[in-house]
file my_file.csv (CSV, C-alpha atoms)
chain,number,residue,atom,x,y,z
A,1,MET,CA,198.1,35.1,111.9
A,2,SER,CA,199.1,32.1,114.0
A,3,THR,CA,200.8,29.1,112.6
A,4,ASN,CA,199.3,25.7,112.5
A,5,LYS,CA,200.5,23.4,115.3
A,6,THR,CA,199.3,20.2,113.6
A,7,ILE,CA,201.7,19.7,110.7
A,8,ALA,CA,203.3,16.6,109.2
A,9,ASN,CA,206.6,15.7,110.7
A,10,GLN,CA,209.3,13.1,110.7
A,11,SER,CA,208.5,11.5,114.1
A,12,SER,CA,208.3,7.7,114.0
A,13,VAL,CA,204.8,6.3,113.9
A,14,ASP,CA,206.0,3.0,115.3
A,15,GLU,CA,207.7,4.7,118.2
A,16,PHE,CA,204.5,6.7,118.9
A,17,LEU,CA,202.4,3.5,118.8
A,18,SER,CA,204.8,1.6,121.0
A,19,LYS,CA,204.3,4.2,123.7
A,20,GLN,CA,200.5,3.6,123.9
A,21,PRO,CA,199.9,1.9,127.2
A,22,ASP,CA,196.9,-0.3,126.0
A,23,LEU,CA,198.1,-3.3,123.9
A,24,GLU,CA,194.6,-3.8,122.4
A,25,GLN,CA,194.6,-0.2,121.3
A,26,GLN,CA,198.1,-0.6,119.8
A,27,GLN,CA,196.8,-3.5,117.7
A,28,ASP,CA,193.7,-1.5,116.7
A,29,CYS,CA,196.0,1.3,115.6
A,30,ARG,CA,198.0,-1.2,113.4
A,31,THR,CA,194.8,-2.4,111.9
A,32,LEU,CA,193.8,1.2,111.1
A,33,ILE,CA,197.2,1.8,109.5
A,34,LYS,CA,196.7,-1.2,107.3
A,35,ILE,CA,193.3,-0.1,106.2
A,36,MET,CA,194.2,3.5,105.7
A,37,SER,CA,197.4,2.7,103.8
A,38,GLU,CA,195.5,0.5,101.4
A,39,ILE,CA,192.9,3.2,100.8
A,40,SER,CA,195.3,6.0,100.3
A,41,ASN,CA,198.3,4.1,98.9
A,42,CYS,CA,200.4,6.3,101.2
A,43,PRO,CA,202.5,5.5,104.3
A,44,PRO,CA,201.5,6.7,107.7
A,45,VAL,CA,202.9,10.0,108.8
A,46,MET,CA,202.8,11.7,112.2
A,47,TRP,CA,200.8,15.0,112.2
A,48,GLY,CA,201.6,17.0,115.3
A,49,SER,CA,202.3,14.8,118.3
A,50,SER,CA,199.3,12.5,118.3
A,51,ILE,CA,197.7,12.1,114.9
A,52,VAL,CA,198.6,9.4,112.4
A,53,GLY,CA,197.6,10.6,109.0
A,54,PHE,CA,197.6,9.5,105.3
A,55,ASP,CA,198.1,11.7,102.3
A,56,SER,CA,197.4,15.5,102.5
A,57,TYR,CA,195.3,18.3,101.2
A,58,HIS,CA,195.6,22.0,101.2
A,59,TYR,CA,192.7,24.1,102.7
A,60,LYS,CA,192.0,27.8,102.7
A,61,TYR,CA,189.2,29.3,104.8
A,62,ASP,CA,187.4,32.5,103.9
A,63,SER,CA,189.2,34.1,106.9
A,64,GLY,CA,192.4,33.7,105.0
A,65,ARG,CA,193.7,31.0,107.3
A,66,GLU,CA,195.2,28.1,105.3
A,67,GLY,CA,197.3,25.0,105.7
A,68,ASP,CA,197.7,21.4,105.0
A,69,MET,CA,196.2,18.4,106.8
A,70,CYS,CA,195.9,14.7,106.3
A,71,ILE,CA,193.0,13.4,104.2
A,72,ILE,CA,192.3,10.5,106.6
A,73,GLY,CA,193.8,9.8,109.9
A,74,PHE,CA,193.3,8.7,113.5
A,75,SER,CA,194.5,9.3,117.0
A,76,PRO,CA,194.6,6.9,119.9
A,77,ARG,CA,193.2,8.6,123.0
A,78,LYS,CA,192.6,7.6,126.6
A,79,ALA,CA,188.9,7.0,125.9
A,80,GLY,CA,189.5,5.2,122.6
A,81,LEU,CA,190.2,6.0,119.0
A,82,SER,CA,189.4,9.2,117.2
A,83,ILE,CA,189.0,8.8,113.4
A,84,TYR,CA,189.1,11.9,111.3
A,85,LEU,CA,186.8,12.4,108.2
A,86,VAL,CA,187.5,15.7,106.5
A,87,ASP,CA,184.1,15.8,104.8
A,88,GLY,CA,182.2,15.2,108.0
A,89,VAL,CA,180.4,12.3,109.6
A,90,ASP,CA,176.9,13.5,108.6
A,91,ASN,CA,177.6,12.4,105.0
A,92,TYR,CA,177.8,8.7,106.2
A,93,LYS,CA,174.8,8.5,108.6
A,94,GLU,CA,173.1,5.7,106.7
A,95,LYS,CA,176.3,3.6,106.3
A,96,LEU,CA,177.2,4.2,109.9
A,97,GLN,CA,174.0,2.5,111.1
A,98,ASN,CA,175.8,-0.8,110.5
A,99,LEU,CA,179.1,0.2,111.9
A,100,GLY,CA,178.6,-0.9,115.5
A,101,LYS,CA,179.1,1.2,118.7
A,102,TYR,CA,180.5,4.7,118.1
A,103,LYS,CA,180.0,8.3,119.0
A,104,ASN,CA,180.7,11.2,116.7
A,105,GLY,CA,181.5,14.8,116.4
A,106,LYS,CA,181.3,16.9,113.2
A,107,SER,CA,184.3,15.4,111.6
A,108,CYS,CA,185.3,12.6,114.0
A,109,LEU,CA,184.2,9.1,114.8
A,110,TYR,CA,184.9,8.0,118.3
A,111,LEU,CA,185.4,4.3,118.9
A,112,ASP,CA,186.1,2.5,122.1
A,113,SER,CA,187.9,-0.2,120.2
A,114,LEU,CA,187.6,-2.1,116.9
A,115,LYS,CA,186.4,-5.4,118.4
A,116,ASN,CA,182.7,-4.5,118.1
A,117,ILE,CA,183.0,-2.6,114.8
A,118,ASN,CA,182.1,-3.8,111.4
A,119,LEU,CA,185.5,-3.2,109.6
A,120,ASP,CA,184.0,-3.5,106.2
A,121,VAL,CA,181.6,-0.6,107.0
A,122,LEU,CA,184.5,1.4,108.4
A,123,ARG,CA,186.7,0.7,105.4
A,124,ASN,CA,183.8,1.8,103.0
A,125,VAL,CA,183.3,5.0,104.9
A,126,LEU,CA,187.0,5.8,105.0
A,127,LYS,CA,187.4,5.1,101.3
A,128,ALA,CA,184.4,7.3,100.4
A,129,SER,CA,185.7,10.1,102.6
A,130,TYR,CA,189.2,9.8,101.2
A,131,THR,CA,187.9,9.7,97.6
A,132,TRP,CA,185.7,12.7,98.0
A,133,THR,CA,188.3,14.8,99.7
A,134,LYS,CA,190.9,13.8,97.1
A,135,SER,CA,188.6,14.8,94.3
A,136,GLN,CA,187.8,18.2,95.9
A,137,HIS,CA,191.4,19.4,96.6
A,138,SER,CA,193.9,19.8,93.8
A,139,LYS,CA,197.0,20.0,96.0
A,140,THR,CA,197.5,16.5,97.3
A,141,THR,CA,200.7,14.5,97.8
call {"tool": "encode", "arguments": {"input": "my_file.csv", "output": "structure tokens"}}
result
Amino acid sequence: MSTNKTIANQSSVDEFLSKQPDLEQQQDCRTLIKIMSEISNCPPVMWGSSIVGFDSYHYKYDSGREGDMCIIGFSPRKAGLSIYLVDGVDNYKEKLQNLGKYKNGKSCLYLDSLKNINLDVLRNVLKASYTWTKSQHSKTT
């Protein structure tokens, strides 16, 4: 069985953010760090080379594959910000109607930036996702 490539590591979050070429995106990342730190009561940690995550949970699939991952997190990308929700975006469709401009995948919100986003809505969705995931997984840090 292959090993997970996305694991928590000791890389510097500040150094990672300082290498992001877009200054507005750097500021958006710092805003997300503030929000996610307050929700999780955990410091930001690098997961792999490009995800900033908070807290962790252990998962195990029916296939036998298992590992650890951050409960909430984000990654700055060329096209914008990817925000990870372990329990899936579909659980928040009603709340997200008031978020602002976004796209989504199964477990990701894709935002161009935070400037046209209702941060209270984002904070509420992140808090609900964090709380649900934390309650469902016994091994958290």
call {"tool": "closest_residue", "arguments": {"input": "my_file.csv", "among": "A:Thr133, A:Pro21, A:Ile7, A:Arg30", "to": "Val45 of chain A", "atoms": "only C-alpha atoms"}}
result
A:Ile7
call {"tool": "residues_around", "arguments": {"input": "my_file.csv", "residues": "Ile35 of chain A", "least_positions_apart": "2", "cutoff": "12 Å", "atoms": "only C-alpha atoms", "output": "list in words"}}
result
Asp28, Cys29, Arg30, Thr31, Leu32, Ile33, Ser37, Glu38, Ile39, Ser40, Asn41, Cys42, Pro43, Pro44, Gly53, Phe54, Ile72, Gly73, Phe74, Leu119, Asp120, Val121, Leu122, Arg123, Asn124, Val125, Leu126, Lys127 and Tyr130 of chain A
call {"tool": "atom_distance", "arguments": {"input": "my_file.csv", "atom1": "atom CA of Ile83 of chain A", "atom2": "atom CA of Cys108 of chain A"}}
result
5.3 Å
call {"tool": "closest_residue", "arguments": {"input": "my_file.csv", "among": "A:Ala128, A:Arg77, A:Ser50, A:Leu17", "to": "Met36 of chain A", "atoms": "only C-alpha atoms"}}
result
A:Ala128
call {"tool": "atom_distance", "arguments": {"input": "my_file.csv", "atom1": "atom CA of Glu66 of chain A", "atom2": "atom CA of Leu111 of chain A"}}
result
29.1 Å
call {"tool": "atom_distance", "arguments": {"input": "my_file.csv", "atom1": "atom CA of Val86 of chain A", "atom2": "atom CA of Ser129 of chain A"}}
result
7.1 Å
call {"tool": "residues_around", "arguments": {"input": "my_file.csv", "residues": "Ser11 of chain A", "least_positions_apart": "2", "cutoff": "10 Å", "atoms": "all atoms listed in the file", "output": "PDB file with C-alpha atoms, keeping the file's coordinate frame"}}
result
ATOM      1  CA  ALA A   8     203.300  16.600 109.200  1.00  0.00           C
ATOM      2  CA  ASN A   9     206.600  15.700 110.700  1.00  0.00           C
ATOM      3  CA  VAL A  13     204.800   6.300 113.900  1.00  0.00           C
ATOM      4  CA  ASP A  14     206.000   3.000 115.300  1.00  0.00           C
ATOM      5  CA  GLU A  15     207.700   4.700 118.200  1.00  0.00           C
ATOM      6  CA  PHE A  16     204.500   6.700 118.900  1.00  0.00           C
ATOM      7  CA  VAL A  45     202.900  10.000 108.800  1.00  0.00           C
ATOM      8  CA  MET A  46     202.800  11.700 112.200  1.00  0.00           C
ATOM      9  CA  TRP A  47     200.800  15.000 112.200  1.00  0.00           C
ATOM     10  CA  GLY A  48     201.600  17.000 115.300  1.00  0.00           C
ATOM     11  CA  SER A  49     202.300  14.800 118.300  1.00  0.00           C
TER      12      SER A  49
END
call {"tool": "closest_residue", "arguments": {"input": "my_file.csv", "among": "A:Gln136, A:Gln27, A:Ser75, A:Gln97", "to": "Ser56 of chain A", "atoms": "only C-alpha atoms"}}
result
A:Gln136
call {"tool": "closest_residue", "arguments": {"input": "my_file.csv", "among": "A:Asn91, A:Gln20, A:Ser82, A:Asn118", "to": "Asn104 of chain A", "atoms": "only C-alpha atoms"}}
result
A:Ser82
call {"tool": "closest_residue", "arguments": {"input": "my_file.csv", "among": "A:Lys115, A:Pro76, A:Tyr84, A:Ile71", "to": "Leu99 of chain A", "atoms": "all atoms listed in the file"}}
result
A:Lys115
call {"tool": "closest_residue", "arguments": {"input": "my_file.csv", "among": "A:Asn4, A:Gly100, A:Glu24, A:Gly105", "to": "Arg65 of chain A", "atoms": "only C-alpha atoms"}}
result
A:Asn4
call {"tool": "decode", "arguments": {"input": "my_file.csv", "residues": "segment 89-116 of chain A", "atoms": "N, CA, C and O atoms", "output": "PDB file, in the first residue's frame"}}
result
ATOM      1  N   VAL A  89     -19.023  19.974   0.960  1.00  0.00           N
ATOM      2  CA  VAL A  89     -19.658  21.260   0.705  1.00  0.00           C
ATOM      3  C   VAL A  89     -21.184  21.130   0.680  1.00  0.00           C
ATOM      4  O   VAL A  89     -21.897  22.043   1.095  1.00  0.00           O
ATOM      5  N   ASP A  90     -21.702  19.996   0.222  1.00  0.00           N
ATOM      6  CA  ASP A  90     -23.156  19.822   0.098  1.00  0.00           C
ATOM      7  C   ASP A  90     -23.896  20.035   1.415  1.00  0.00           C
ATOM      8  O   ASP A  90     -25.060  20.431   1.409  1.00  0.00           O
ATOM      9  N   ASN A  91     -23.247  19.795   2.527  1.00  0.00           N
ATOM     10  CA  ASN A  91     -23.886  19.988   3.831  1.00  0.00           C
ATOM     11  C   ASN A  91     -24.187  21.452   4.134  1.00  0.00           C
ATOM     12  O   ASN A  91     -24.920  21.748   5.074  1.00  0.00           O
ATOM     13  N   TYR A  92     -23.633  22.363   3.338  1.00  0.00           N
ATOM     14  CA  TYR A  92     -23.734  23.789   3.640  1.00  0.00           C
ATOM     15  C   TYR A  92     -24.347  24.601   2.492  1.00  0.00           C
ATOM     16  O   TYR A  92     -24.193  25.815   2.455  1.00  0.00           O
ATOM     17  N   LYS A  93     -25.040  23.920   1.575  1.00  0.00           N
ATOM     18  CA  LYS A  93     -25.593  24.619   0.399  1.00  0.00           C
ATOM     19  C   LYS A  93     -26.445  25.824   0.782  1.00  0.00           C
ATOM     20  O   LYS A  93     -26.329  26.885   0.174  1.00  0.00           O
ATOM     21  N   GLU A  94     -27.304  25.650   1.773  1.00  0.00           N
ATOM     22  CA  GLU A  94     -28.185  26.759   2.167  1.00  0.00           C
ATOM     23  C   GLU A  94     -27.380  27.932   2.720  1.00  0.00           C
ATOM     24  O   GLU A  94     -27.588  29.076   2.323  1.00  0.00           O
ATOM     25  N   LYS A  95     -26.437  27.662   3.614  1.00  0.00           N
ATOM     26  CA  LYS A  95     -25.607  28.725   4.185  1.00  0.00           C
ATOM     27  C   LYS A  95     -24.764  29.406   3.108  1.00  0.00           C
ATOM     28  O   LYS A  95     -24.566  30.620   3.133  1.00  0.00           O
ATOM     29  N   LEU A  96     -24.272  28.615   2.158  1.00  0.00           N
ATOM     30  CA  LEU A  96     -23.372  29.151   1.132  1.00  0.00           C
ATOM     31  C   LEU A  96     -24.082  30.074   0.141  1.00  0.00           C
ATOM     32  O   LEU A  96     -23.423  30.809  -0.591  1.00  0.00           O
ATOM     33  N   GLN A  97     -25.397  30.071   0.143  1.00  0.00           N
ATOM     34  CA  GLN A  97     -26.135  30.987  -0.736  1.00  0.00           C
ATOM     35  C   GLN A  97     -25.801  32.438  -0.414  1.00  0.00           C
ATOM     36  O   GLN A  97     -25.912  33.308  -1.274  1.00  0.00           O
ATOM     37  N   ASN A  98     -25.390  32.706   0.800  1.00  0.00           N
ATOM     38  CA  ASN A  98     -25.062  34.067   1.228  1.00  0.00           C
ATOM     39  C   ASN A  98     -23.568  34.327   1.345  1.00  0.00           C
ATOM     40  O   ASN A  98     -23.162  35.336   1.899  1.00  0.00           O
ATOM     41  N   LEU A  99     -22.759  33.402   0.823  1.00  0.00           N
ATOM     42  CA  LEU A  99     -21.309  33.537   0.938  1.00  0.00           C
ATOM     43  C   LEU A  99     -20.737  34.596   0.002  1.00  0.00           C
ATOM     44  O   LEU A  99     -19.855  35.352   0.373  1.00  0.00           O
ATOM     45  N   GLY A 100     -21.214  34.620  -1.211  1.00  0.00           N
ATOM     46  CA  GLY A 100     -20.616  35.451  -2.244  1.00  0.00           C
ATOM     47  C   GLY A 100     -20.159  34.543  -3.365  1.00  0.00           C
ATOM     48  O   GLY A 100     -20.589  33.389  -3.473  1.00  0.00           O
ATOM     49  N   LYS A 101     -19.258  35.038  -4.199  1.00  0.00           N
ATOM     50  CA  LYS A 101     -18.814  34.297  -5.376  1.00  0.00           C
ATOM     51  C   LYS A 101     -17.862  33.158  -4.998  1.00  0.00           C
ATOM     52  O   LYS A 101     -16.816  33.388  -4.398  1.00  0.00           O
ATOM     53  N   TYR A 102     -18.261  31.937  -5.358  1.00  0.00           N
ATOM     54  CA  TYR A 102     -17.419  30.770  -5.118  1.00  0.00           C
ATOM     55  C   TYR A 102     -17.761  29.672  -6.116  1.00  0.00           C
ATOM     56  O   TYR A 102     -18.807  29.694  -6.757  1.00  0.00           O
ATOM     57  N   LYS A 103     -16.867  28.725  -6.215  1.00  0.00           N
ATOM     58  CA  LYS A 103     -17.104  27.475  -6.929  1.00  0.00           C
ATOM     59  C   LYS A 103     -16.856  26.379  -5.906  1.00  0.00           C
ATOM     60  O   LYS A 103     -16.296  26.633  -4.839  1.00  0.00           O
ATOM     61  N   ASN A 104     -17.269  25.168  -6.230  1.00  0.00           N
ATOM     62  CA  ASN A 104     -17.010  24.107  -5.271  1.00  0.00           C
ATOM     63  C   ASN A 104     -16.800  22.765  -5.942  1.00  0.00           C
ATOM     64  O   ASN A 104     -17.238  22.534  -7.060  1.00  0.00           O
ATOM     65  N   GLY A 105     -16.113  21.912  -5.215  1.00  0.00           N
ATOM     66  CA  GLY A 105     -15.975  20.504  -5.522  1.00  0.00           C
ATOM     67  C   GLY A 105     -16.684  19.758  -4.411  1.00  0.00           C
ATOM     68  O   GLY A 105     -17.448  20.344  -3.646  1.00  0.00           O
ATOM     69  N   LYS A 106     -16.420  18.491  -4.290  1.00  0.00           N
ATOM     70  CA  LYS A 106     -17.079  17.685  -3.263  1.00  0.00           C
ATOM     71  C   LYS A 106     -16.746  18.169  -1.854  1.00  0.00           C
ATOM     72  O   LYS A 106     -17.618  18.300  -1.002  1.00  0.00           O
ATOM     73  N   SER A 107     -15.468  18.415  -1.603  1.00  0.00           N
ATOM     74  CA  SER A 107     -15.034  18.832  -0.262  1.00  0.00           C
ATOM     75  C   SER A 107     -14.233  20.120  -0.274  1.00  0.00           C
ATOM     76  O   SER A 107     -13.509  20.413   0.677  1.00  0.00           O
ATOM     77  N   CYS A 108     -14.343  20.901  -1.341  1.00  0.00           N
ATOM     78  CA  CYS A 108     -13.567  22.137  -1.459  1.00  0.00           C
ATOM     79  C   CYS A 108     -14.424  23.316  -1.878  1.00  0.00           C
ATOM     80  O   CYS A 108     -15.287  23.184  -2.747  1.00  0.00           O
ATOM     81  N   LEU A 109     -14.144  24.437  -1.275  1.00  0.00           N
ATOM     82  CA  LEU A 109     -14.657  25.714  -1.749  1.00  0.00           C
ATOM     83  C   LEU A 109     -13.516  26.385  -2.502  1.00  0.00           C
ATOM     84  O   LEU A 109     -12.385  26.404  -2.010  1.00  0.00           O
ATOM     85  N   TYR A 110     -13.807  26.925  -3.666  1.00  0.00           N
ATOM     86  CA  TYR A 110     -12.803  27.634  -4.449  1.00  0.00           C
ATOM     87  C   TYR A 110     -13.202  29.103  -4.503  1.00  0.00           C
ATOM     88  O   TYR A 110     -14.271  29.445  -5.006  1.00  0.00           O
ATOM     89  N   LEU A 111     -12.344  29.965  -3.964  1.00  0.00           N
ATOM     90  CA  LEU A 111     -12.610  31.395  -3.902  1.00  0.00           C
ATOM     91  C   LEU A 111     -11.542  32.138  -4.688  1.00  0.00           C
ATOM     92  O   LEU A 111     -10.360  31.838  -4.553  1.00  0.00           O
ATOM     93  N   ASP A 112     -11.967  33.117  -5.477  1.00  0.00           N
ATOM     94  CA  ASP A 112     -10.988  33.961  -6.170  1.00  0.00           C
ATOM     95  C   ASP A 112     -10.194  34.771  -5.152  1.00  0.00           C
ATOM     96  O   ASP A 112      -8.989  34.900  -5.246  1.00  0.00           O
ATOM     97  N   SER A 113     -10.915  35.339  -4.189  1.00  0.00           N
ATOM     98  CA  SER A 113     -10.311  36.108  -3.104  1.00  0.00           C
ATOM     99  C   SER A 113     -11.362  36.260  -2.013  1.00  0.00           C
ATOM    100  O   SER A 113     -12.505  35.830  -2.180  1.00  0.00           O
ATOM    101  N   LEU A 114     -10.976  36.889  -0.926  1.00  0.00           N
ATOM    102  CA  LEU A 114     -11.927  37.108   0.166  1.00  0.00           C
ATOM    103  C   LEU A 114     -12.649  38.441   0.059  1.00  0.00           C
ATOM    104  O   LEU A 114     -13.572  38.698   0.821  1.00  0.00           O
ATOM    105  N   LYS A 115     -12.265  39.291  -0.889  1.00  0.00           N
ATOM    106  CA  LYS A 115     -12.826  40.644  -0.923  1.00  0.00           C
ATOM    107  C   LYS A 115     -14.327  40.674  -1.203  1.00  0.00           C
ATOM    108  O   LYS A 115     -14.997  41.599  -0.765  1.00  0.00           O
ATOM    109  N   ASN A 116     -14.868  39.692  -1.914  1.00  0.00           N
ATOM    110  CA  ASN A 116     -16.300  39.667  -2.197  1.00  0.00           C
ATOM    111  C   ASN A 116     -17.001  38.524  -1.471  1.00  0.00           C
ATOM    112  O   ASN A 116     -18.029  38.025  -1.910  1.00  0.00           O
TER     113      ASN A 116
END
